[in-house]
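*Asks:* coords.tsv (TSV, C-alpha atoms and all ligand atoms) pasted underneath:
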chain	number	residue	atom	x	y	z
A	1	MET	CA	0.00	0.00	0.00
A	2	ASN	CA	1.18	3.54	-0.69
A	3	GLY	CA	-0.56	5.09	2.31
A	4	THR	CA	-3.62	6.22	0.36
A	5	LYS	CA	-6.77	5.16	2.16
A	6	LEU	CA	-8.69	2.53	0.20
A	7	THR	CA	-12.47	2.57	-0.04
A	8	ALA	CA	-14.24	-0.71	-0.69
A	9	GLY	CA	-17.34	-1.00	-2.83
A	10	ILE	CA	-19.46	-3.49	-4.72
A	11	THR	CA	-18.28	-4.01	-8.30
A	12	ALA	CA	-20.36	-7.03	-9.36
A	13	LEU	CA	-23.64	-8.56	-8.26
A	14	GLY	CA	-25.70	-11.63	-9.03
A	15	ALA	CA	-28.69	-13.30	-7.42
A	16	TYR	CA	-30.90	-16.31	-7.70
A	17	ALA	CA	-34.31	-17.49	-6.56
A	18	PRO	CA	-35.42	-21.10	-7.07
A	19	ASP	CA	-37.87	-21.92	-9.85
A	20	ARG	CA	-40.48	-23.52	-7.59
A	21	ILE	CA	-43.07	-20.94	-6.52
A	22	VAL	CA	-45.54	-21.41	-3.69
A	23	THR	CA	-48.39	-18.89	-3.73
A	24	ASN	CA	-50.61	-17.89	-0.83
A	25	HIS	CA	-53.39	-19.87	-2.52
A	26	ASP	CA	-51.16	-22.95	-2.49
A	27	LEU	CA	-50.71	-22.44	1.26
A	28	GLU	CA	-54.48	-22.16	1.74
A	29	ARG	CA	-54.64	-25.79	0.62
A	30	MET	CA	-51.89	-26.83	3.06
A	31	MET	CA	-52.88	-25.06	6.30
A	32	ASP	CA	-55.49	-22.91	8.03
A	33	THR	CA	-54.58	-19.59	6.43
A	34	SER	CA	-55.77	-17.27	3.68
A	35	ASP	CA	-54.36	-15.11	0.93
A	36	GLU	CA	-56.21	-12.21	2.54
A	37	TRP	CA	-54.49	-12.70	5.95
A	38	ILE	CA	-51.02	-13.16	4.50
A	39	THR	CA	-51.36	-10.21	2.11
A	40	THR	CA	-52.74	-7.74	4.64
A	41	ARG	CA	-50.42	-8.77	7.50
A	42	THR	CA	-47.21	-9.18	5.50
A	43	GLY	CA	-47.51	-8.04	1.87
A	44	ILE	CA	-46.28	-11.47	0.72
A	45	LYS	CA	-48.01	-13.02	-2.31
A	46	ARG	CA	-45.59	-15.80	-3.26
A	47	ARG	CA	-42.25	-17.23	-2.21
A	48	HIS	CA	-39.60	-19.21	-4.11
A	49	VAL	CA	-38.88	-22.59	-2.55
A	50	ALA	CA	-35.78	-24.69	-3.15
A	51	ALA	CA	-36.30	-28.07	-4.79
A	52	ASP	CA	-36.05	-31.09	-2.51
A	53	ASP	CA	-32.52	-31.76	-3.77
A	54	GLU	CA	-31.46	-28.09	-3.86
A	55	PHE	CA	-29.46	-26.86	-0.87
A	56	THR	CA	-27.82	-23.64	0.29
A	57	SER	CA	-24.59	-24.33	-1.61
A	58	ASP	CA	-26.60	-24.87	-4.82
A	59	LEU	CA	-28.34	-21.53	-4.31
A	60	ALA	CA	-24.98	-19.82	-3.67
A	61	PHE	CA	-23.52	-21.39	-6.84
A	62	ALA	CA	-26.50	-20.17	-8.87
A	63	ALA	CA	-26.11	-16.62	-7.54
A	64	VAL	CA	-22.43	-16.63	-8.50
A	65	ASP	CA	-23.31	-18.06	-11.93
A	66	ASP	CA	-25.69	-15.12	-12.36
A	67	LEU	CA	-22.93	-12.71	-11.31
A	68	LEU	CA	-20.61	-14.23	-13.94
A	69	ALA	CA	-23.32	-14.07	-16.62
A	70	ARG	CA	-23.82	-10.37	-15.88
A	71	HIS	CA	-20.23	-9.28	-15.44
A	72	GLY	CA	-18.15	-11.76	-17.45
A	73	ASP	CA	-15.71	-14.51	-16.55
A	74	ASP	CA	-13.15	-12.05	-15.17
A	75	ALA	CA	-15.52	-10.95	-12.44
A	76	LEU	CA	-14.04	-13.48	-10.03
A	77	ALA	CA	-10.39	-13.03	-11.06
A	78	GLY	CA	-8.26	-12.40	-8.01
A	79	VAL	CA	-10.97	-13.16	-5.45
A	80	ASP	CA	-8.97	-14.12	-2.37
A	81	MET	CA	-11.74	-14.58	0.21
A	82	VAL	CA	-15.20	-16.13	0.09
A	83	ILE	CA	-17.75	-15.41	2.80
A	84	VAL	CA	-21.11	-17.15	2.85
A	85	ALA	CA	-23.61	-15.64	5.26
A	86	THR	CA	-26.26	-18.24	5.99
A	87	ASN	CA	-28.48	-19.65	8.71
A	88	THR	CA	-28.96	-22.86	6.77
A	89	PRO	CA	-25.47	-24.11	5.84
A	90	ASP	CA	-25.19	-27.46	4.09
A	91	GLY	CA	-23.46	-28.68	7.27
A	92	LEU	CA	-21.98	-27.12	10.38
A	93	PHE	CA	-18.61	-27.77	8.79
A	94	PRO	CA	-16.93	-27.54	6.41
A	95	ALA	CA	-18.04	-24.01	5.65
A	96	THR	CA	-20.45	-23.72	2.73
A	97	ALA	CA	-18.03	-21.02	1.54
A	98	ALA	CA	-15.41	-23.74	0.98
A	99	LEU	CA	-17.81	-25.47	-1.40
A	100	VAL	CA	-18.11	-22.20	-3.34
A	101	GLN	CA	-14.31	-21.82	-3.38
A	102	GLU	CA	-13.97	-25.31	-4.86
A	103	ARG	CA	-16.81	-24.97	-7.37
A	104	PHE	CA	-15.32	-21.78	-8.87
A	105	LYS	CA	-11.69	-22.89	-8.40
A	106	LEU	CA	-10.71	-19.76	-6.47
A	107	GLN	CA	-7.34	-19.26	-4.77
A	108	ALA	CA	-9.12	-17.98	-1.70
A	109	GLY	CA	-9.81	-18.39	1.98
A	110	ALA	CA	-13.38	-19.32	2.84
A	111	PHE	CA	-15.61	-19.05	5.88
A	112	ASP	CA	-19.28	-18.90	6.79
A	113	LEU	CA	-20.79	-16.10	8.80
A	114	LEU	CA	-23.81	-16.61	11.03
A	115	ALA	CA	-25.61	-13.41	11.99
A	116	ALA	CA	-29.24	-14.26	11.16
A	117	CYS	CA	-30.96	-12.09	8.56
A	118	PRO	CA	-28.36	-9.30	8.82
A	119	GLY	CA	-25.68	-11.87	7.90
A	120	TRP	CA	-25.11	-10.65	4.35
A	121	LEU	CA	-24.74	-7.03	5.47
A	122	TYR	CA	-22.35	-8.19	8.21
A	123	ALA	CA	-20.44	-10.04	5.46
A	124	LEU	CA	-20.31	-6.83	3.44
A	125	GLY	CA	-18.92	-5.07	6.52
A	126	VAL	CA	-16.25	-7.74	7.02
A	127	ALA	CA	-15.40	-7.66	3.31
A	128	LYS	CA	-15.03	-3.87	3.48
A	129	SER	CA	-12.65	-4.18	6.43
A	130	LEU	CA	-10.56	-6.91	4.76
A	131	VAL	CA	-10.20	-4.85	1.57
A	132	GLU	CA	-9.57	-1.51	3.26
A	133	ALA	CA	-6.98	-3.07	5.58
A	134	GLY	CA	-5.15	-4.43	2.54
A	135	GLN	CA	-5.66	-8.00	3.76
A	136	CYS	CA	-7.71	-9.04	0.71
A	137	LYS	CA	-7.93	-7.72	-2.82
A	138	ARG	CA	-11.35	-9.02	-3.80
A	139	VAL	CA	-13.93	-10.63	-1.53
A	140	LEU	CA	-16.90	-12.66	-2.72
A	141	ALA	CA	-19.66	-11.99	-0.18
A	142	ILE	CA	-22.70	-14.22	-0.49
A	143	GLY	CA	-26.01	-14.50	1.33
A	144	ALA	CA	-27.66	-17.86	0.68
A	145	GLU	CA	-30.64	-19.38	2.40
A	146	ALA	CA	-32.69	-22.55	2.16
A	147	LEU	CA	-34.95	-21.45	5.00
A	148	THR	CA	-38.00	-23.38	3.87
A	149	LYS	CA	-36.14	-26.55	4.85
A	150	ILE	CA	-36.18	-25.52	8.54
A	151	VAL	CA	-39.64	-24.00	8.59
A	152	ASP	CA	-42.28	-25.85	10.60
A	153	TRP	CA	-44.96	-26.36	7.96
A	154	ASN	CA	-47.47	-27.03	10.78
A	155	ASP	CA	-46.94	-23.56	12.24
A	156	ARG	CA	-48.95	-21.13	10.13
A	157	SER	CA	-47.55	-18.12	12.01
A	158	THR	CA	-44.06	-18.72	10.56
A	159	ALA	CA	-44.51	-21.05	7.56
A	160	VAL	CA	-46.14	-18.42	5.39
A	161	LEU	CA	-43.33	-15.90	5.84
A	162	PHE	CA	-40.20	-17.45	4.47
A	163	GLY	CA	-38.64	-18.25	1.10
A	164	ASP	CA	-35.30	-19.31	-0.35
A	165	GLY	CA	-32.70	-17.54	-2.46
A	166	ALA	CA	-29.17	-16.23	-2.73
A	167	GLY	CA	-27.22	-13.14	-3.69
A	168	ALA	CA	-23.51	-12.64	-4.34
A	169	VAL	CA	-21.33	-9.55	-4.66
A	170	VAL	CA	-17.67	-8.85	-5.34
A	171	VAL	CA	-16.19	-6.28	-2.97
A	172	GLU	CA	-12.93	-4.53	-3.86
A	173	ALA	CA	-11.30	-1.09	-3.80
A	174	VAL	CA	-13.18	1.53	-5.79
A	175	PRO	CA	-12.28	5.11	-6.82
A	176	ALA	CA	-12.82	7.98	-4.40
A	177	GLY	CA	-16.42	9.11	-4.17
A	178	PHE	CA	-17.83	5.59	-4.55
A	179	GLY	CA	-18.19	2.62	-2.26
A	180	ILE	CA	-19.30	1.83	1.26
A	181	ARG	CA	-19.59	5.09	3.19
A	182	SER	CA	-20.77	3.74	6.53
A	183	MET	CA	-21.39	0.43	8.23
A	184	VAL	CA	-23.37	-0.22	11.41
A	185	MET	CA	-23.57	-3.66	13.04
A	186	GLY	CA	-25.47	-4.22	16.26
A	187	ALA	CA	-26.91	-6.91	18.48
A	188	ASP	CA	-29.03	-7.23	21.63
A	189	GLY	CA	-28.86	-10.80	22.90
A	190	SER	CA	-31.47	-10.09	25.58
A	191	GLY	CA	-34.00	-10.83	22.81
A	192	ALA	CA	-32.37	-14.12	21.79
A	193	HIS	CA	-35.42	-16.14	22.88
A	194	HIS	CA	-37.75	-14.37	20.43
A	195	LEU	CA	-36.33	-15.98	17.28
A	196	HIS	CA	-34.13	-19.06	17.29
A	197	ARG	CA	-33.29	-22.52	16.15
A	198	LYS	CA	-31.74	-24.60	18.91
A	199	ALA	CA	-28.19	-25.93	18.50
A	200	VAL	CA	-27.23	-29.43	17.54
A	201	GLY	CA	-27.11	-32.63	19.60
A	202	LYS	CA	-24.33	-32.68	22.16
A	203	CYS	CA	-23.77	-28.91	21.92
A	204	LEU	CA	-27.07	-28.27	23.66
A	205	PRO	CA	-26.70	-27.16	27.28
A	206	ASN	CA	-29.60	-29.28	28.55
A	207	GLY	CA	-29.14	-32.25	26.26
A	208	GLU	CA	-32.32	-31.32	24.40
A	209	PRO	CA	-32.79	-32.81	20.95
A	210	LEU	CA	-32.05	-30.74	17.86
A	211	ALA	CA	-34.94	-28.49	17.01
A	212	ASP	CA	-35.70	-29.25	13.40
A	213	SER	CA	-37.38	-25.94	12.74
A	214	LEU	CA	-37.21	-22.34	13.75
A	215	TYR	CA	-39.28	-20.63	16.45
A	216	MET	CA	-40.38	-17.01	16.31
A	217	ASN	CA	-42.38	-14.71	18.54
A	218	GLY	CA	-43.54	-12.62	15.60
A	219	ARG	CA	-45.11	-9.84	17.61
A	220	GLU	CA	-41.95	-9.15	19.65
A	221	VAL	CA	-39.74	-9.29	16.56
A	222	TYR	CA	-42.14	-6.93	14.80
A	223	LYS	CA	-41.88	-4.31	17.56
A	224	PHE	CA	-38.10	-4.59	17.60
A	225	ALA	CA	-37.94	-4.40	13.80
A	226	VAL	CA	-39.95	-1.20	13.50
A	227	ARG	CA	-37.79	0.45	16.16
A	228	VAL	CA	-34.41	-0.67	14.88
A	229	MET	CA	-35.10	-0.02	11.19
A	230	ASN	CA	-35.50	3.61	12.16
A	231	THR	CA	-32.56	3.95	14.56
A	232	ALA	CA	-30.13	1.90	12.45
A	233	THR	CA	-31.02	3.89	9.35
A	234	ILE	CA	-30.41	7.20	11.04
A	235	GLU	CA	-27.12	5.94	12.51
A	236	ALA	CA	-25.83	4.78	9.11
A	237	VAL	CA	-26.84	8.03	7.42
A	238	GLU	CA	-25.21	10.18	10.11
A	239	LYS	CA	-22.07	8.05	10.10
A	240	ALA	CA	-21.83	8.67	6.34
A	241	GLY	CA	-22.07	12.41	7.00
A	242	MET	CA	-25.38	12.60	5.12
A	243	THR	CA	-29.07	13.15	5.73
A	244	THR	CA	-31.95	11.02	4.42
A	245	GLU	CA	-32.35	13.67	1.69
A	246	ASP	CA	-29.06	12.41	0.23
A	247	ILE	CA	-30.39	8.85	-0.09
A	248	SER	CA	-31.56	7.92	-3.59
A	249	LEU	CA	-32.86	4.48	-2.74
A	250	PHE	CA	-33.81	2.72	0.49
A	251	VAL	CA	-33.18	-1.04	0.24
A	252	PRO	CA	-34.53	-2.62	3.43
A	253	HIS	CA	-34.64	-6.24	4.56
A	254	GLN	CA	-37.74	-7.80	3.01
A	255	ALA	CA	-39.57	-9.39	5.94
A	256	ASN	CA	-42.91	-7.64	6.08
A	257	LEU	CA	-44.37	-4.80	4.02
A	258	ARG	CA	-45.86	-3.24	7.17
A	259	ILE	CA	-42.39	-3.01	8.74
A	260	ILE	CA	-40.99	-1.44	5.56
A	261	GLU	CA	-43.90	1.01	5.38
A	262	ALA	CA	-43.52	2.00	9.03
A	263	ALA	CA	-39.83	2.75	8.44
A	264	ARG	CA	-40.58	4.61	5.22
A	265	GLU	CA	-43.14	6.82	6.93
A	266	ARG	CA	-40.92	7.58	9.91
A	267	LEU	CA	-38.05	8.46	7.60
A	268	ARG	CA	-40.40	10.50	5.37
A	269	LEU	CA	-39.33	8.76	2.16
A	270	ASP	CA	-41.47	8.71	-0.99
A	271	PRO	CA	-42.55	5.20	-2.06
A	272	GLU	CA	-40.50	5.61	-5.27
A	273	ARG	CA	-37.35	5.70	-3.14
A	274	VAL	CA	-38.05	2.33	-1.50
A	275	VAL	CA	-37.40	-1.13	-2.96
A	276	VAL	CA	-40.08	-3.73	-2.19
A	277	THR	CA	-39.72	-7.35	-3.26
A	278	VAL	CA	-41.34	-9.08	-0.28
A	279	ASP	CA	-44.47	-9.73	-2.37
A	280	GLU	CA	-42.44	-11.92	-4.74
A	281	TYR	CA	-39.91	-13.62	-2.47
A	282	GLY	CA	-41.19	-13.49	1.09
A	283	ASN	CA	-38.42	-13.27	3.68
A	284	ASN	CA	-35.34	-15.08	2.45
A	285	SER	CA	-33.11	-13.79	5.22
A	286	THR	CA	-29.50	-13.21	4.12
A	287	ALA	CA	-30.53	-13.28	0.45
A	288	SER	CA	-33.13	-10.57	0.89
A	289	ILE	CA	-31.09	-7.39	0.30
A	290	PRO	CA	-28.89	-8.65	-2.57
A	291	LEU	CA	-32.00	-9.96	-4.34
A	292	ALA	CA	-33.69	-6.60	-3.82
A	293	LEU	CA	-30.59	-4.86	-5.20
A	294	ARG	CA	-30.68	-7.01	-8.33
A	295	HIS	CA	-34.38	-6.27	-8.72
A	296	ALA	CA	-33.68	-2.51	-8.49
A	297	LEU	CA	-30.74	-2.72	-10.91
A	298	ASP	CA	-32.79	-4.67	-13.45
A	299	GLY	CA	-35.56	-2.10	-13.10
A	300	GLY	CA	-33.12	0.72	-13.92
A	301	ARG	CA	-33.57	2.22	-10.45
A	302	ILE	CA	-29.86	2.42	-9.56
A	303	ALA	CA	-27.28	4.55	-11.38
A	304	ALA	CA	-23.60	5.15	-10.68
A	305	GLY	CA	-23.29	7.82	-8.00
A	306	ASP	CA	-26.57	7.00	-6.28
A	307	ASN	CA	-26.48	6.75	-2.50
A	308	LEU	CA	-28.18	3.57	-1.31
A	309	LEU	CA	-29.29	2.89	2.23
A	310	LEU	CA	-29.34	-0.78	3.24
A	311	VAL	CA	-30.87	-1.84	6.55
A	312	THR	CA	-31.74	-5.19	8.07
A	313	PHE	CA	-32.70	-6.93	11.32
A	314	GLY	CA	-33.23	-10.43	12.63
A	315	ALA	CA	-32.48	-13.06	15.26
A	316	GLY	CA	-29.97	-12.19	17.93
A	317	LEU	CA	-31.72	-9.90	18.08
A	318	SER	CA	-29.45	-8.14	15.63
A	319	TRP	CA	-29.32	-5.46	12.99
A	320	ALA	CA	-27.06	-3.84	10.41
A	321	SER	CA	-27.21	-0.82	8.15
A	322	SER	CA	-25.01	0.83	5.59
A	323	VAL	CA	-24.85	3.73	3.18
A	324	LEU	CA	-23.02	3.06	-0.06
A	325	THR	CA	-22.48	5.09	-3.19
A	326	TRP	CA	-23.09	2.83	-6.17
A	327	GLY	CA	-20.46	2.61	-8.85
A	328	PRO	CA	-18.22	3.40	-10.54
A	329	ARG	CA	-19.94	1.12	-13.10
A	401	LIG	O1	-36.24	-11.69	9.36
A	401	LIG	C1	-36.85	-12.25	10.48
A	401	LIG	C2	-37.68	-11.30	11.10
A	401	LIG	N1	-39.03	-11.70	11.38
A	401	LIG	C3	-40.02	-10.87	11.11
A	401	LIG	O2	-39.82	-9.86	10.50
A	401	LIG	C4	-41.37	-11.15	11.64
A	401	LIG	C5	-41.89	-9.94	12.33
A	401	LIG	N2	-43.31	-10.12	12.72
A	401	LIG	C6	-44.28	-10.06	11.80
A	401	LIG	O3	-44.05	-9.81	10.63
A	401	LIG	C7	-45.71	-10.22	12.28
A	401	LIG	O4	-45.71	-10.23	13.70
A	401	LIG	C8	-46.37	-11.52	11.76
A	401	LIG	C9	-46.62	-11.40	10.27
A	401	LIG	C10	-45.47	-12.72	12.04
A	401	LIG	C11	-47.72	-11.72	12.46
A	401	LIG	O5	-48.53	-10.58	12.28
A	401	LIG	P1	-49.33	-9.97	13.52
A	401	LIG	O6	-50.16	-8.87	13.00
A	401	LIG	O7	-48.30	-9.64	14.57
A	401	LIG	O8	-50.25	-11.17	13.93
A	401	LIG	P2	-50.33	-11.94	15.33
A	401	LIG	O9	-49.11	-12.80	15.53
A	401	LIG	O10	-50.64	-10.96	16.39
A	401	LIG	O11	-51.58	-12.89	15.11
A	401	LIG	C12	-52.88	-12.33	14.88
A	401	LIG	C13	-53.82	-13.47	14.63
A	401	LIG	C14	-53.73	-14.59	15.65
A	401	LIG	O12	-55.05	-15.06	15.89
A	401	LIG	P3	-55.83	-14.59	17.22
A	401	LIG	O13	-54.99	-15.06	18.37
A	401	LIG	O14	-55.92	-13.10	17.13
A	401	LIG	O15	-57.15	-15.30	17.07
A	401	LIG	C15	-52.95	-15.67	14.94
A	401	LIG	O16	-53.25	-16.97	15.40
A	401	LIG	O17	-53.56	-14.07	13.37
A	401	LIG	C16	-53.44	-15.49	13.52
A	401	LIG	N3	-52.51	-15.99	12.53
A	401	LIG	C17	-52.89	-16.36	11.29
A	401	LIG	N4	-54.09	-16.40	10.68
A	401	LIG	C18	-54.12	-16.82	9.41
A	401	LIG	C19	-51.18	-16.14	12.64
A	401	LIG	N5	-50.67	-16.61	11.49
A	401	LIG	C20	-51.72	-16.75	10.64
A	401	LIG	C21	-51.82	-17.19	9.32
A	401	LIG	N6	-53.04	-17.20	8.73
A	401	LIG	N7	-50.75	-17.57	8.57
Could you write out this structure as structure tokens?
Ligand code: UT7

*Replies:*
Amino acid sequence: MNGTKLTAGITALGAYAPDRIVTNHDLERMMDTSDEWITTRTGIKRRHVAADDEFTSDLAFAAVDDLLARHGDDALAGVDMVIVATNTPDGLFPATAALVQERFKLQAGAFDLLAACPGWLYALGVAKSLVEAGQCKRVLAIGAEALTKIVDWNDRSTAVLFGDGAGAVVVEAVPAGFGIRSMVMGADGSGAHHLHRKAVGKCLPNGEPLADSLYMNGREVYKFAVRVMNTATIEAVEKAGMTTEDISLFVPHQANLRIIEAARERLRLDPERVVVTVDEYGNNSTASIPLALRHALDGGRIAAGDNLLLVTFGAGLSWASSVLTWGPR
């Protein structure tokens, strides 16, 4: 390094959602629910569900394939670290990231990152630090989730909410004026009991069996989400030395349209400045923001120089937020 401070940014992005779609009407046939309830309480209309033989690594591969299709074969040249943020790894070890490293034949380190739904934004934060410290040149940061495999399909209060998917970005040094301007990562473990999946076999403190599915106290998480979407957003904007007026596009975690709307209203943002994909994908956790970014890019809603505000929350309880200036490409 020559002493000039590096700024890391996203230079390539790809995403993937499985082909299988489950609509609210499909769910009406499977459990005591209705399209009307799901739509009015969450904004979700459909979710993409991994095939029976499709796992988190497959979703991650597909997101990277999409990134290569969009940006060319050189997009992964020189990637020296792979991070996969996931709550549903193929196994506890080896890291799912190592499977990505092997599939794309990268000369890279590889590790998984577990930070619930904010995991991908945490991964972006770690990637930024690795690049700006000069430790890594290019980091492949992935969020990949096969959540529907750990959903309790007998619990209507959670089963209707989740979907599967993956998103992948390359993070590297970008010219001045672009890149990640602020990063906020927070957690409050006092709310750990509101959203969890118990640990495996002998790791459990009380010798309880592995919980096969997740548990969520939706109402408590909802209250937390509305609060933290607001505070984390303001913190990220202030840390970037900006105001919400400087934000071109708000790209929130896609868990519930009511949570997004509450944040939008509190932040006084016009609907045109907010990306909403929860109707199409449901909540696919770590894949949610990169999928929303791809959606916005494909819709021509992001141009070089735009300031984007990313914000997310989830189990932990935890949250993350970031302001980044898109570009240079
Ligand atoms: O990224 C992870 C973060 N997680 C979240 O973002 C979830 C945050 N929480 C939420 O989004 C909302 O709390 C939910 C969508 C999960 C629930 O919405 P709510 O308005 O908080 O509903 P509720 O839990 O208070 O339940 C209201 C009623 C209950 O019936 P009673 O007790 O009032 O008779 C539930 O049994 O709705 C019932 N209910 C359903 N009815 C039809 C719960 N789930 C369903 C369902 N279909 N799928």

*Asks:* I need the residue nearest ligand LIG 401 (chain A) from this list: A:Tyr122, A:Tyr215, A:Phe55, A:Phe250. Use all atoms listed in the file for the distance.

*Replies:* A:Tyr215

*Asks:* State, in Å with one decimal place, the distance from atom CA of Asp65 of chain A to atom CA of Gly167 of chain A.

*Replies:*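 Separation of atom CA of Asp65 of chain A and atom CA of Gly167 of chain A: 10.4 Å.
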
*Asks:* Within 10 Å of segment 91-100 of chain A, counting all atoms listed in the file, which residues qualify if same-chain residues fewer than 4 places away don't, as an MDAnalysis selection string?

*Replies:* chainID A and resid 56:58 60:61 64 81:86 104:106 108:113 140:142 144 200

*Asks:* May I ask which of the residues A:Ala62, A:Val184, A:Met229, A:Val323 is the closest one to Arg266 of chain A, counting all atoms listed in the file?

*Replies:*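 Ranked by minimum distance to Arg266 of chain A, first place goes to A:Met229.
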
*Asks:* Could you tell me which of A:Asn230, A:Asn24, A:Thr88, A:Asn256 comes closest to ligand LIG 401 (chain A) if we count all atoms listed in the file?

*Replies:*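 When distances to ligand LIG 401 (chain A) are compared using all atoms listed in the file, the smallest one comes from A:Asn256.
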
*Asks:* Each side padded by 6 Å, which centre and which edge lengths in Å (one decimal) define the axis-aligned box around the listed atoms of segment 252-256 of chain A? Give them as JSON.

*Replies:*
{"center_x": -38.7, "center_y": -6.0, "center_z": 4.5, "size_x": 20.4, "size_y": 18.8, "size_z": 15.1}

*Asks:* Quick one, how far is atom CA of Glu245 of chain A from atom CA of Gly179 of chain A?

*Replies:*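 Atom CA of Gly179 of chain A lies 18.4 Å from atom CA of Glu245 of chain A.
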
*Asks:* Kindly provide, as a compact mmCIF listing (two decimals) with C-alpha atoms, in the frame of the given file, all nucleotide and amino acid residues lying within 9 Å of ligand LIG 401 (chain A), counting all atoms listed in the file.

*Replies:*
# COMPACT_ATOMS: atom_id res chain seq x y z
CA LEU A 27 -50.71 -22.44 1.26
CA GLU A 28 -54.48 -22.16 1.74
CA MET A 31 -52.88 -25.06 6.30
CA ASP A 32 -55.49 -22.91 8.03
CA THR A 33 -54.58 -19.59 6.43
CA SER A 34 -55.77 -17.27 3.68
CA ASP A 35 -54.36 -15.11 0.93
CA GLU A 36 -56.21 -12.21 2.54
CA TRP A 37 -54.49 -12.70 5.95
CA ILE A 38 -51.02 -13.16 4.50
CA THR A 40 -52.74 -7.74 4.64
CA ARG A 41 -50.42 -8.77 7.50
CA THR A 42 -47.21 -9.18 5.50
CA ALA A 116 -29.24 -14.26 11.16
CA CYS A 117 -30.96 -12.09 8.56
CA PRO A 118 -28.36 -9.30 8.82
CA ASP A 155 -46.94 -23.56 12.24
CA ARG A 156 -48.95 -21.13 10.13
CA SER A 157 -47.55 -18.12 12.01
CA THR A 158 -44.06 -18.72 10.56
CA ALA A 159 -44.51 -21.05 7.56
CA VAL A 160 -46.14 -18.42 5.39
CA LEU A 161 -43.33 -15.90 5.84
CA PHE A 162 -40.20 -17.45 4.47
CA LEU A 195 -36.33 -15.98 17.28
CA MET A 216 -40.38 -17.01 16.31
CA ASN A 217 -42.38 -14.71 18.54
CA GLY A 218 -43.54 -12.62 15.60
CA ARG A 219 -45.11 -9.84 17.61
CA GLU A 220 -41.95 -9.15 19.65
CA VAL A 221 -39.74 -9.29 16.56
CA TYR A 222 -42.14 -6.93 14.80
CA LYS A 223 -41.88 -4.31 17.56
CA PHE A 224 -38.10 -4.59 17.60
CA ALA A 225 -37.94 -4.40 13.80
CA HIS A 253 -34.64 -6.24 4.56
CA GLN A 254 -37.74 -7.80 3.01
CA ALA A 255 -39.57 -9.39 5.94
CA ASN A 256 -42.91 -7.64 6.08
CA LEU A 257 -44.37 -4.80 4.02
CA ARG A 258 -45.86 -3.24 7.17
CA ILE A 259 -42.39 -3.01 8.74
CA ASN A 283 -38.42 -13.27 3.68
CA ASN A 284 -35.34 -15.08 2.45
CA SER A 285 -33.11 -13.79 5.22
CA THR A 286 -29.50 -13.21 4.12
CA THR A 312 -31.74 -5.19 8.07
CA PHE A 313 -32.70 -6.93 11.32
CA GLY A 314 -33.23 -10.43 12.63
CA ALA A 315 -32.48 -13.06 15.26
